[in-house]
Amino acid sequence: MTAALNLGVLGVAVLGPGLADWENAASLLREPARWQRQPTAVPAPALLPATERRRAGLVVKASVAVADAACRAAGLPPAGLATVFTSSTGDPANCHAMCEALAAPERLVSPTRFTNSVHNVAAGYWHIATQSMAASTSLGAFDASFAVGLLEAAVQCVHAAAPVLLVACDVPYPEPLHGVRPLPDTFALALVLAPQGGRRLTVTLAGDAEPTRCGDAALELLRGQIPAARALPLLQALAGPQAAVLVIEGLPQQALAIEVGAA
């Protein structure tokens, strides 16, 4: 990418430790001294029928909840939006359960477990729930997953000249995988991006530029602990009225420099 990507943010949603929704989070991100870290409470997503809610894992529930909230904030029908879902973990609890099943003498994996094992499971539930036939991309890039997802969504938005829904979500692994990949809690966010209107963003590649860190020590700890929470500097900029310039770390030589216009 050699040219800047210019686009807008029409809707924002977030769900994380001590961050119940965007209205609550925006206030706390403007005054981070008031933020208190509490376990993430993931609501039962109203879009999913009761049967699907029972089958869905935590990553699906959190992803669908923020996607629905962002679309409502943007005032756009979700069925018409192309989507980009990004996660470093996918559904780790389901991965754990399948590994246990395969390690047992019977080696029996339930059809539901197998269905939920794919990395695009959250996108699948979302598009079925919204009856969307729009294009969907699911990505994973370890700690760079949010930056990779944002870049993909921004490119699609500008190239197609159409809104795109970006959803980023990470949830913890059970032990023993948690000991190798310790993610302390669930963090999810969604952005509805559009070529025109909204809070303006300019996105460019920034090589290996140092990422922007949160000024509050507790928020900075959270930013470093969960890949999806790498979005916190951008969320803080979107929560305030001032223009801002920040860097989100990505893959090698693919950090993202983001200019956020004034509200």
# chains A, B, ... in the order shown; residues from 1 in each chain; ligands from 1

call {"tool": "select_by_dssp", "arguments": {"residues": "stretch 47-250 of chain A", "states": "strand (DSSP E)", "output": "PyMOL selection string"}}
result
chain A and resi 82-86+136-139+164-170+187-194+199-205+244-248

call {"tool": "write_last_selection", "arguments": {"atoms": "N, CA, C and O atoms", "output": "tab-separated table (two decimals), in the first residue's frame"}}
result
chain	number	residue	atom	x	y	z
A	82	ALA	N	-20.60	-5.87	3.91
A	82	ALA	CA	-19.47	-6.80	3.88
A	82	ALA	C	-18.80	-6.80	5.25
A	82	ALA	O	-18.85	-5.80	5.96
A	83	THR	N	-18.18	-7.91	5.62
A	83	THR	CA	-17.60	-8.01	6.96
A	83	THR	C	-16.17	-8.50	6.92
A	83	THR	O	-15.77	-9.26	6.04
A	84	VAL	N	-15.42	-8.05	7.92
A	84	VAL	CA	-14.08	-8.58	8.20
A	84	VAL	C	-14.07	-8.95	9.68
A	84	VAL	O	-14.26	-8.08	10.54
A	85	PHE	N	-13.88	-10.22	9.98
A	85	PHE	CA	-13.76	-10.71	11.35
A	85	PHE	C	-12.31	-11.09	11.59
A	85	PHE	O	-11.71	-11.82	10.79
A	86	THR	N	-11.74	-10.61	12.69
A	86	THR	CA	-10.35	-10.91	12.98
A	86	THR	C	-10.20	-11.35	14.44
A	86	THR	O	-10.85	-10.81	15.34
A	136	SER	N	-17.56	-11.87	3.10
A	136	SER	CA	-17.01	-11.93	4.45
A	136	SER	C	-15.60	-12.48	4.41
A	136	SER	O	-15.31	-13.43	3.69
A	137	THR	N	-14.73	-11.88	5.21
A	137	THR	CA	-13.34	-12.31	5.34
A	137	THR	C	-13.04	-12.55	6.81
A	137	THR	O	-13.40	-11.72	7.65
A	138	SER	N	-12.39	-13.67	7.12
A	138	SER	CA	-11.98	-13.96	8.50
A	138	SER	C	-10.46	-14.10	8.52
A	138	SER	O	-9.89	-14.82	7.70
A	139	LEU	N	-9.81	-13.41	9.48
A	139	LEU	CA	-8.36	-13.34	9.53
A	139	LEU	C	-7.84	-13.68	10.91
A	139	LEU	O	-8.53	-13.52	11.92
A	164	VAL	N	-18.13	-1.21	5.39
A	164	VAL	CA	-17.63	-2.52	5.81
A	164	VAL	C	-17.71	-2.59	7.33
A	164	VAL	O	-17.38	-1.62	8.02
A	165	LEU	N	-18.13	-3.73	7.83
A	165	LEU	CA	-18.16	-3.99	9.27
A	165	LEU	C	-16.91	-4.75	9.67
A	165	LEU	O	-16.64	-5.83	9.15
A	166	LEU	N	-16.13	-4.17	10.59
A	166	LEU	CA	-14.94	-4.82	11.14
A	166	LEU	C	-15.25	-5.29	12.56
A	166	LEU	O	-15.73	-4.50	13.38
A	167	VAL	N	-14.96	-6.56	12.85
A	167	VAL	CA	-15.16	-7.11	14.18
A	167	VAL	C	-13.86	-7.78	14.62
A	167	VAL	O	-13.31	-8.62	13.91
A	168	ALA	N	-13.36	-7.41	15.80
A	168	ALA	CA	-12.17	-8.02	16.38
A	168	ALA	C	-12.53	-8.58	17.75
A	168	ALA	O	-13.17	-7.90	18.54
A	169	CYS	N	-12.12	-9.81	18.02
A	169	CYS	CA	-12.48	-10.43	19.29
A	169	CYS	C	-11.44	-11.47	19.69
A	169	CYS	O	-11.00	-12.26	18.85
A	170	ASP	N	-11.06	-11.46	20.95
A	170	ASP	CA	-10.20	-12.49	21.53
A	170	ASP	C	-10.77	-12.92	22.87
A	170	ASP	O	-11.25	-12.08	23.65
A	187	PHE	N	-12.08	-9.56	25.07
A	187	PHE	CA	-12.13	-8.20	24.57
A	187	PHE	C	-12.63	-8.24	23.13
A	187	PHE	O	-12.12	-9.01	22.30
A	188	ALA	N	-13.66	-7.45	22.83
A	188	ALA	CA	-14.23	-7.41	21.49
A	188	ALA	C	-14.58	-5.98	21.13
A	188	ALA	O	-14.95	-5.18	21.99
A	189	LEU	N	-14.46	-5.66	19.85
A	189	LEU	CA	-14.87	-4.36	19.36
A	189	LEU	C	-15.35	-4.49	17.93
A	189	LEU	O	-15.02	-5.47	17.24
A	190	ALA	N	-16.15	-3.53	17.50
A	190	ALA	CA	-16.62	-3.50	16.12
A	190	ALA	C	-16.64	-2.06	15.64
A	190	ALA	O	-16.96	-1.14	16.40
A	191	LEU	N	-16.28	-1.88	14.38
A	191	LEU	CA	-16.31	-0.57	13.73
A	191	LEU	C	-17.06	-0.70	12.41
A	191	LEU	O	-16.78	-1.63	11.64
A	192	VAL	N	-17.99	0.18	12.16
A	192	VAL	CA	-18.59	0.28	10.82
A	192	VAL	C	-17.85	1.38	10.09
A	192	VAL	O	-17.92	2.56	10.48
A	193	LEU	N	-17.13	1.00	9.05
A	193	LEU	CA	-16.31	1.93	8.26
A	193	LEU	C	-17.05	2.28	6.97
A	193	LEU	O	-17.75	1.43	6.40
A	194	ALA	N	-16.90	3.51	6.51
A	194	ALA	CA	-17.58	3.94	5.29
A	194	ALA	C	-16.70	4.91	4.53
A	194	ALA	O	-15.89	5.64	5.12
A	199	ARG	N	-16.64	9.94	11.55
A	199	ARG	CA	-15.35	10.45	12.08
A	199	ARG	C	-14.26	10.00	11.13
A	199	ARG	O	-14.06	8.81	10.90
A	200	ARG	N	-13.51	10.94	10.59
A	200	ARG	CA	-12.60	10.62	9.51
A	200	ARG	C	-11.30	9.99	10.00
A	200	ARG	O	-10.74	10.40	11.03
A	201	LEU	N	-10.85	8.98	9.25
A	201	LEU	CA	-9.58	8.32	9.50
A	201	LEU	C	-8.73	8.36	8.23
A	201	LEU	O	-9.25	8.23	7.12
A	202	THR	N	-7.43	8.52	8.42
A	202	THR	CA	-6.47	8.34	7.33
A	202	THR	C	-5.49	7.27	7.78
A	202	THR	O	-4.82	7.42	8.81
A	203	VAL	N	-5.41	6.18	7.01
A	203	VAL	CA	-4.60	5.02	7.40
A	203	VAL	C	-3.48	4.84	6.40
A	203	VAL	O	-3.71	4.80	5.18
A	204	THR	N	-2.23	4.73	6.90
A	204	THR	CA	-1.08	4.46	6.05
A	204	THR	C	-0.19	3.44	6.75
A	204	THR	O	-0.26	3.26	7.97
A	205	LEU	N	0.66	2.78	5.96
A	205	LEU	CA	1.64	1.87	6.55
A	205	LEU	C	2.77	2.69	7.17
A	205	LEU	O	3.20	3.70	6.62
A	244	ALA	N	-6.18	13.34	16.42
A	244	ALA	CA	-5.11	12.55	17.03
A	244	ALA	C	-4.34	11.82	15.95
A	244	ALA	O	-4.86	11.56	14.85
A	245	VAL	N	-3.09	11.50	16.26
A	245	VAL	CA	-2.25	10.67	15.39
A	245	VAL	C	-1.69	9.54	16.24
A	245	VAL	O	-1.18	9.77	17.34
A	246	LEU	N	-1.81	8.30	15.75
A	246	LEU	CA	-1.38	7.17	16.56
A	246	LEU	C	-0.87	6.05	15.65
A	246	LEU	O	-1.06	6.09	14.42
A	247	VAL	N	-0.21	5.07	16.27
A	247	VAL	CA	0.33	3.91	15.55
A	247	VAL	C	-0.16	2.64	16.23
A	247	VAL	O	-0.09	2.52	17.46
A	248	ILE	N	-0.66	1.70	15.44
A	248	ILE	CA	-1.06	0.38	15.91
A	248	ILE	C	-0.07	-0.64	15.37
A	248	ILE	O	0.16	-0.68	14.15

call {"tool": "closest_residue", "arguments": {"among": "A:Gly197, A:Gly224, A:Pro105, A:Pro172", "to": "A:Gly57", "atoms": "only C-alpha atoms"}}
result
A:Pro172

call {"tool": "residues_around", "arguments": {"residues": "A:Pro184", "least_positions_apart": "2", "cutoff": "8 Å", "atoms": "only C-alpha atoms", "output": "PyMOL selection string"}}
result
chain A and resi 172+182+186+225-226

call {"tool": "residues_around", "arguments": {"residues": "A:Leu183", "least_positions_apart": "2", "cutoff": "12 Å", "atoms": "only C-alpha atoms", "output": "PDB file with N, CA, C and O atoms, in the first residue's frame"}}
result
ATOM      1  N   SER A  88      -7.120 -13.514  17.118  1.00  0.00           N
ATOM      2  CA  SER A  88      -5.887 -14.285  17.275  1.00  0.00           C
ATOM      3  C   SER A  88      -6.162 -15.676  17.817  1.00  0.00           C
ATOM      4  O   SER A  88      -5.326 -16.571  17.719  1.00  0.00           O
ATOM      5  N   THR A  89      -7.364 -15.868  18.395  1.00  0.00           N
ATOM      6  CA  THR A  89      -7.638 -17.122  19.097  1.00  0.00           C
ATOM      7  C   THR A  89      -8.711 -17.980  18.455  1.00  0.00           C
ATOM      8  O   THR A  89      -8.722 -19.195  18.643  1.00  0.00           O
ATOM      9  N   PRO A  92     -11.156 -20.769  21.485  1.00  0.00           N
ATOM     10  CA  PRO A  92     -10.192 -21.617  22.191  1.00  0.00           C
ATOM     11  C   PRO A  92     -10.838 -22.665  23.080  1.00  0.00           C
ATOM     12  O   PRO A  92     -10.273 -23.751  23.257  1.00  0.00           O
ATOM     13  N   PHE A 142      -2.018 -13.601  14.938  1.00  0.00           N
ATOM     14  CA  PHE A 142      -1.424 -13.590  16.269  1.00  0.00           C
ATOM     15  C   PHE A 142      -1.629 -12.203  16.886  1.00  0.00           C
ATOM     16  O   PHE A 142      -2.735 -11.670  16.849  1.00  0.00           O
ATOM     17  N   ASP A 143      -0.606 -11.588  17.460  1.00  0.00           N
ATOM     18  CA  ASP A 143      -0.788 -10.319  18.153  1.00  0.00           C
ATOM     19  C   ASP A 143      -1.103  -9.159  17.210  1.00  0.00           C
ATOM     20  O   ASP A 143      -1.530  -8.097  17.663  1.00  0.00           O
ATOM     21  N   CYS A 169     -12.116  -9.812  18.016  1.00  0.00           N
ATOM     22  CA  CYS A 169     -12.481 -10.434  19.291  1.00  0.00           C
ATOM     23  C   CYS A 169     -11.438 -11.469  19.689  1.00  0.00           C
ATOM     24  O   CYS A 169     -10.995 -12.265  18.854  1.00  0.00           O
ATOM     25  N   ASP A 170     -11.059 -11.457  20.954  1.00  0.00           N
ATOM     26  CA  ASP A 170     -10.202 -12.495  21.528  1.00  0.00           C
ATOM     27  C   ASP A 170     -10.774 -12.925  22.868  1.00  0.00           C
ATOM     28  O   ASP A 170     -11.253 -12.084  23.647  1.00  0.00           O
ATOM     29  N   VAL A 171     -10.739 -14.228  23.125  1.00  0.00           N
ATOM     30  CA  VAL A 171     -11.221 -14.780  24.387  1.00  0.00           C
ATOM     31  C   VAL A 171     -10.150 -15.709  24.952  1.00  0.00           C
ATOM     32  O   VAL A 171      -9.288 -16.196  24.235  1.00  0.00           O
ATOM     33  N   PRO A 172     -10.187 -15.988  26.265  1.00  0.00           N
ATOM     34  CA  PRO A 172      -9.107 -16.767  26.893  1.00  0.00           C
ATOM     35  C   PRO A 172      -9.138 -18.251  26.519  1.00  0.00           C
ATOM     36  O   PRO A 172     -10.194 -18.811  26.210  1.00  0.00           O
ATOM     37  N   TYR A 173      -7.974 -18.851  26.599  1.00  0.00           N
ATOM     38  CA  TYR A 173      -7.843 -20.305  26.483  1.00  0.00           C
ATOM     39  C   TYR A 173      -8.030 -20.950  27.855  1.00  0.00           C
ATOM     40  O   TYR A 173      -7.625 -20.375  28.874  1.00  0.00           O
ATOM     41  N   PRO A 174      -8.592 -22.163  27.910  1.00  0.00           N
ATOM     42  CA  PRO A 174      -8.529 -22.946  29.155  1.00  0.00           C
ATOM     43  C   PRO A 174      -7.105 -23.481  29.352  1.00  0.00           C
ATOM     44  O   PRO A 174      -6.295 -23.487  28.418  1.00  0.00           O
ATOM     45  N   GLU A 175      -6.822 -23.947  30.554  1.00  0.00           N
ATOM     46  CA  GLU A 175      -5.567 -24.674  30.763  1.00  0.00           C
ATOM     47  C   GLU A 175      -5.658 -26.042  30.074  1.00  0.00           C
ATOM     48  O   GLU A 175      -6.736 -26.594  29.937  1.00  0.00           O
ATOM     49  N   LEU A 177      -3.581 -24.801  27.671  1.00  0.00           N
ATOM     50  CA  LEU A 177      -3.183 -23.852  26.640  1.00  0.00           C
ATOM     51  C   LEU A 177      -3.023 -22.442  27.195  1.00  0.00           C
ATOM     52  O   LEU A 177      -2.205 -21.667  26.695  1.00  0.00           O
ATOM     53  N   HIS A 178      -3.795 -22.112  28.241  1.00  0.00           N
ATOM     54  CA  HIS A 178      -3.674 -20.780  28.837  1.00  0.00           C
ATOM     55  C   HIS A 178      -2.260 -20.533  29.353  1.00  0.00           C
ATOM     56  O   HIS A 178      -1.764 -19.404  29.310  1.00  0.00           O
ATOM     57  N   GLY A 179      -1.598 -21.580  29.839  1.00  0.00           N
ATOM     58  CA  GLY A 179      -0.239 -21.423  30.341  1.00  0.00           C
ATOM     59  C   GLY A 179       0.749 -21.059  29.249  1.00  0.00           C
ATOM     60  O   GLY A 179       1.799 -20.470  29.521  1.00  0.00           O
ATOM     61  N   VAL A 180       0.422 -21.417  28.007  1.00  0.00           N
ATOM     62  CA  VAL A 180       1.296 -21.112  26.870  1.00  0.00           C
ATOM     63  C   VAL A 180       0.897 -19.796  26.204  1.00  0.00           C
ATOM     64  O   VAL A 180       1.738 -19.032  25.734  1.00  0.00           O
ATOM     65  N   ARG A 181      -0.400 -19.542  26.191  1.00  0.00           N
ATOM     66  CA  ARG A 181      -0.932 -18.329  25.546  1.00  0.00           C
ATOM     67  C   ARG A 181      -1.898 -17.653  26.524  1.00  0.00           C
ATOM     68  O   ARG A 181      -3.109 -17.780  26.422  1.00  0.00           O
ATOM     69  N   ASP A 185      -8.764 -12.229  29.673  1.00  0.00           N
ATOM     70  CA  ASP A 185     -10.200 -11.951  29.625  1.00  0.00           C
ATOM     71  C   ASP A 185     -10.621 -11.775  28.174  1.00  0.00           C
ATOM     72  O   ASP A 185      -9.796 -11.783  27.252  1.00  0.00           O
ATOM     73  N   THR A 186     -11.925 -11.584  27.987  1.00  0.00           N
ATOM     74  CA  THR A 186     -12.499 -11.344  26.664  1.00  0.00           C
ATOM     75  C   THR A 186     -12.437  -9.862  26.321  1.00  0.00           C
ATOM     76  O   THR A 186     -12.705  -9.003  27.163  1.00  0.00           O
ATOM     77  N   PHE A 187     -12.085  -9.564  25.074  1.00  0.00           N
ATOM     78  CA  PHE A 187     -12.126  -8.195  24.567  1.00  0.00           C
ATOM     79  C   PHE A 187     -12.634  -8.243  23.133  1.00  0.00           C
ATOM     80  O   PHE A 187     -12.116  -9.010  22.303  1.00  0.00           O
ATOM     81  N   LEU A 221      -1.584  -1.887  30.435  1.00  0.00           N
ATOM     82  CA  LEU A 221      -1.435  -3.311  30.752  1.00  0.00           C
ATOM     83  C   LEU A 221      -2.445  -4.134  29.973  1.00  0.00           C
ATOM     84  O   LEU A 221      -2.105  -5.170  29.384  1.00  0.00           O
ATOM     85  N   LEU A 222      -3.698  -3.691  29.943  1.00  0.00           N
ATOM     86  CA  LEU A 222      -4.739  -4.402  29.196  1.00  0.00           C
ATOM     87  C   LEU A 222      -4.417  -4.429  27.707  1.00  0.00           C
ATOM     88  O   LEU A 222      -4.576  -5.465  27.044  1.00  0.00           O
ATOM     89  N   ARG A 223      -3.950  -3.297  27.179  1.00  0.00           N
ATOM     90  CA  ARG A 223      -3.600  -3.225  25.750  1.00  0.00           C
ATOM     91  C   ARG A 223      -2.576  -4.286  25.378  1.00  0.00           C
ATOM     92  O   ARG A 223      -2.644  -4.916  24.313  1.00  0.00           O
ATOM     93  N   GLY A 224      -1.604  -4.501  26.252  1.00  0.00           N
ATOM     94  CA  GLY A 224      -0.557  -5.464  25.955  1.00  0.00           C
ATOM     95  C   GLY A 224      -0.937  -6.903  26.208  1.00  0.00           C
ATOM     96  O   GLY A 224      -0.269  -7.815  25.716  1.00  0.00           O
ATOM     97  N   GLN A 225      -2.006  -7.131  26.969  1.00  0.00           N
ATOM     98  CA  GLN A 225      -2.362  -8.497  27.358  1.00  0.00           C
ATOM     99  C   GLN A 225      -3.253  -9.219  26.358  1.00  0.00           C
ATOM    100  O   GLN A 225      -3.241 -10.441  26.287  1.00  0.00           O
ATOM    101  N   ILE A 226      -4.075  -8.470  25.619  1.00  0.00           N
ATOM    102  CA  ILE A 226      -5.052  -9.085  24.721  1.00  0.00           C
ATOM    103  C   ILE A 226      -4.886  -8.472  23.336  1.00  0.00           C
ATOM    104  O   ILE A 226      -4.952  -7.248  23.181  1.00  0.00           O
ATOM    105  N   PRO A 227      -4.670  -9.279  22.295  1.00  0.00           N
ATOM    106  CA  PRO A 227      -4.428  -8.712  20.965  1.00  0.00           C
ATOM    107  C   PRO A 227      -5.512  -7.762  20.490  1.00  0.00           C
ATOM    108  O   PRO A 227      -5.207  -6.705  19.929  1.00  0.00           O
ATOM    109  N   ALA A 228      -6.796  -8.085  20.703  1.00  0.00           N
ATOM    110  CA  ALA A 228      -7.860  -7.190  20.253  1.00  0.00           C
ATOM    111  C   ALA A 228      -7.801  -5.851  20.965  1.00  0.00           C
ATOM    112  O   ALA A 228      -8.235  -4.816  20.422  1.00  0.00           O
ATOM    113  N   ALA A 229      -7.247  -5.836  22.174  1.00  0.00           N
ATOM    114  CA  ALA A 229      -7.140  -4.591  22.939  1.00  0.00           C
ATOM    115  C   ALA A 229      -6.043  -3.675  22.414  1.00  0.00           C
ATOM    116  O   ALA A 229      -5.898  -2.544  22.896  1.00  0.00           O
TER     117      ALA A 229
END

call {"tool": "atom_distance", "arguments": {"atom1": "atom CA of A:Thr51", "atom2": "atom CA of A:Leu76"}}
result
26.3 Å

call {"tool": "closest_residue", "arguments": {"among": "A:Gln38, A:Gln254, A:Thr115, A:Gln131", "to": "A:Ala206", "atoms": "only C-alpha atoms"}}
result
A:Gln254

call {"tool": "atom_distance", "arguments": {"atom1": "atom CA of A:Thr212", "atom2": "atom CA of A:Glu259"}}
result
12.1 Å

call {"tool": "closest_residue", "arguments": {"among": "A:Val64, A:Ala93, A:Leu7, A:Ala79", "to": "A:Ala161", "atoms": "only C-alpha atoms"}}
result
A:Leu7

call {"tool": "closest_residue", "arguments": {"among": "A:Pro195, A:Pro252, A:Pro43, A:Gly240", "to": "A:Leu28", "atoms": "only C-alpha atoms"}}
result
A:Gly240

call {"tool": "atom_distance", "arguments": {"atom1": "atom CA of A:Leu15", "atom2": "atom CA of A:Cys99"}}
result
28.4 Å

call {"tool": "residues_around", "arguments": {"residues": "A:Cys95", "least_positions_apart": "5", "cutoff": "9 Å", "atoms": "only C-alpha atoms", "output": "NGL selection string"}}
result
:A and (90 or 100 or 113 or 116-117 or 173)

call {"tool": "select_by_dssp", "arguments": {"residues": "stretch 73-173 of chain A", "states": "alpha helix (DSSP H)", "output": "number ranges by chain"}}
result
A: 73-74, 92-103, 111-115, 121-130, 145-160

call {"tool": "write_last_selection", "arguments": {"atoms": "N, CA and C atoms", "output": "short mmCIF file (atom, residue, chain, number, x, y, z; two decimals), in the first residue's frame"}}
result
data_model
loop_
_atom_site.label_atom_id
_atom_site.label_comp_id
_atom_site.auth_asym_id
_atom_site.auth_seq_id
_atom_site.Cartn_x
_atom_site.Cartn_y
_atom_site.Cartn_z
N ALA A 73 -25.55 1.58 15.99
CA ALA A 73 -24.98 2.92 16.15
C ALA A 73 -24.81 3.62 14.81
N ALA A 74 -24.47 2.85 13.77
CA ALA A 74 -24.27 3.42 12.44
C ALA A 74 -25.59 3.68 11.73
N PRO A 92 -11.16 -20.77 21.49
CA PRO A 92 -10.19 -21.62 22.19
C PRO A 92 -10.84 -22.66 23.08
N ALA A 93 -12.00 -22.38 23.65
CA ALA A 93 -12.65 -23.39 24.48
C ALA A 93 -13.07 -24.59 23.64
N ASN A 94 -13.55 -24.32 22.45
CA ASN A 94 -13.92 -25.42 21.55
C ASN A 94 -12.69 -26.20 21.10
N CYS A 95 -11.60 -25.49 20.83
CA CYS A 95 -10.34 -26.15 20.48
C CYS A 95 -9.89 -27.07 21.60
N HIS A 96 -9.98 -26.59 22.84
CA HIS A 96 -9.61 -27.38 24.01
C HIS A 96 -10.48 -28.64 24.10
N ALA A 97 -11.79 -28.48 23.93
CA ALA A 97 -12.71 -29.62 24.04
C ALA A 97 -12.44 -30.65 22.95
N MET A 98 -12.12 -30.21 21.74
CA MET A 98 -11.82 -31.14 20.67
C MET A 98 -10.51 -31.89 20.92
N CYS A 99 -9.52 -31.17 21.46
CA CYS A 99 -8.25 -31.84 21.79
C CYS A 99 -8.48 -32.91 22.87
N GLU A 100 -9.32 -32.61 23.87
CA GLU A 100 -9.64 -33.60 24.90
C GLU A 100 -10.34 -34.81 24.30
N ALA A 101 -11.27 -34.55 23.38
CA ALA A 101 -12.00 -35.65 22.75
C ALA A 101 -11.06 -36.53 21.92
N LEU A 102 -10.15 -35.91 21.20
CA LEU A 102 -9.23 -36.68 20.36
C LEU A 102 -8.18 -37.42 21.18
N ALA A 103 -7.93 -36.95 22.41
CA ALA A 103 -6.98 -37.63 23.29
C ALA A 103 -7.63 -38.78 24.06
N PRO A 111 -20.64 -33.33 16.30
CA PRO A 111 -20.81 -32.49 15.10
C PRO A 111 -20.83 -31.00 15.42
N THR A 112 -21.43 -30.63 16.55
CA THR A 112 -21.46 -29.22 16.92
C THR A 112 -20.06 -28.70 17.19
N ARG A 113 -19.25 -29.48 17.92
CA ARG A 113 -17.86 -29.08 18.16
C ARG A 113 -17.12 -28.89 16.85
N PHE A 114 -17.30 -29.84 15.93
CA PHE A 114 -16.60 -29.76 14.65
C PHE A 114 -17.05 -28.54 13.88
N THR A 115 -18.35 -28.26 13.86
CA THR A 115 -18.87 -27.09 13.15
C THR A 115 -18.27 -25.80 13.69
N VAL A 121 -16.06 -19.10 12.40
CA VAL A 121 -17.33 -19.47 13.05
C VAL A 121 -18.14 -18.24 13.45
N ALA A 122 -17.49 -17.19 13.96
CA ALA A 122 -18.23 -15.99 14.35
C ALA A 122 -18.87 -15.33 13.13
N ALA A 123 -18.13 -15.25 12.03
CA ALA A 123 -18.69 -14.68 10.80
C ALA A 123 -19.87 -15.51 10.32
N GLY A 124 -19.77 -16.82 10.42
CA GLY A 124 -20.85 -17.69 9.98
C GLY A 124 -22.13 -17.46 10.76
N TYR A 125 -22.01 -17.42 12.08
CA TYR A 125 -23.19 -17.17 12.91
C TYR A 125 -23.79 -15.80 12.59
N TRP A 126 -22.93 -14.79 12.41
CA TRP A 126 -23.41 -13.44 12.14
C TRP A 126 -24.18 -13.38 10.82
N HIS A 127 -23.61 -13.92 9.76
CA HIS A 127 -24.25 -13.82 8.46
C HIS A 127 -25.54 -14.65 8.40
N ILE A 128 -25.58 -15.77 9.10
CA ILE A 128 -26.82 -16.55 9.16
C ILE A 128 -27.87 -15.77 9.95
N ALA A 129 -27.48 -15.19 11.08
CA ALA A 129 -28.44 -14.48 11.92
C ALA A 129 -29.02 -13.26 11.22
N THR A 130 -28.19 -12.57 10.42
CA THR A 130 -28.65 -11.35 9.74
C THR A 130 -29.15 -11.64 8.33
N SER A 145 -3.42 -9.23 14.93
CA SER A 145 -4.72 -9.52 14.30
C SER A 145 -5.58 -8.28 14.12
N PHE A 146 -5.60 -7.37 15.10
CA PHE A 146 -6.44 -6.18 14.94
C PHE A 146 -5.94 -5.31 13.80
N ALA A 147 -4.64 -5.05 13.74
CA ALA A 147 -4.09 -4.20 12.68
C ALA A 147 -4.34 -4.81 11.31
N VAL A 148 -4.15 -6.12 11.19
CA VAL A 148 -4.38 -6.78 9.91
C VAL A 148 -5.84 -6.69 9.52
N GLY A 149 -6.73 -6.88 10.48
CA GLY A 149 -8.16 -6.77 10.19
C GLY A 149 -8.56 -5.36 9.79
N LEU A 150 -8.03 -4.36 10.50
CA LEU A 150 -8.34 -2.97 10.17
C LEU A 150 -7.84 -2.61 8.78
N LEU A 151 -6.63 -3.04 8.44
CA LEU A 151 -6.09 -2.75 7.12
C LEU A 151 -6.95 -3.40 6.04
N GLU A 152 -7.32 -4.66 6.24
CA GLU A 152 -8.16 -5.36 5.26
C GLU A 152 -9.51 -4.65 5.09
N ALA A 153 -10.14 -4.29 6.21
CA ALA A 153 -11.45 -3.64 6.14
C ALA A 153 -11.34 -2.27 5.47
N ALA A 154 -10.27 -1.53 5.78
CA ALA A 154 -10.10 -0.20 5.18
C ALA A 154 -9.89 -0.30 3.67
N VAL A 155 -9.07 -1.26 3.25
CA VAL A 155 -8.84 -1.45 1.81
C VAL A 155 -10.14 -1.81 1.11
N GLN A 156 -10.90 -2.74 1.67
CA GLN A 156 -12.17 -3.12 1.06
C GLN A 156 -13.13 -1.93 0.98
N CYS A 157 -13.20 -1.17 2.05
CA CYS A 157 -14.10 -0.02 2.11
C CYS A 157 -13.78 0.99 1.01
N VAL A 158 -12.49 1.35 0.89
CA VAL A 158 -12.08 2.34 -0.10
C VAL A 158 -12.21 1.79 -1.52
N HIS A 159 -11.80 0.54 -1.72
CA HIS A 159 -11.82 -0.05 -3.07
C HIS A 159 -13.25 -0.21 -3.57
N ALA A 160 -14.14 -0.72 -2.72
CA ALA A 160 -15.52 -0.96 -3.13
C ALA A 160 -16.41 0.27 -2.99
#

call {"tool": "closest_residue", "arguments": {"among": "A:Pro163, A:Ala144, A:Gly198, A:Arg37", "to": "A:Ala231", "atoms": "only C-alpha atoms"}}
result
A:Ala144
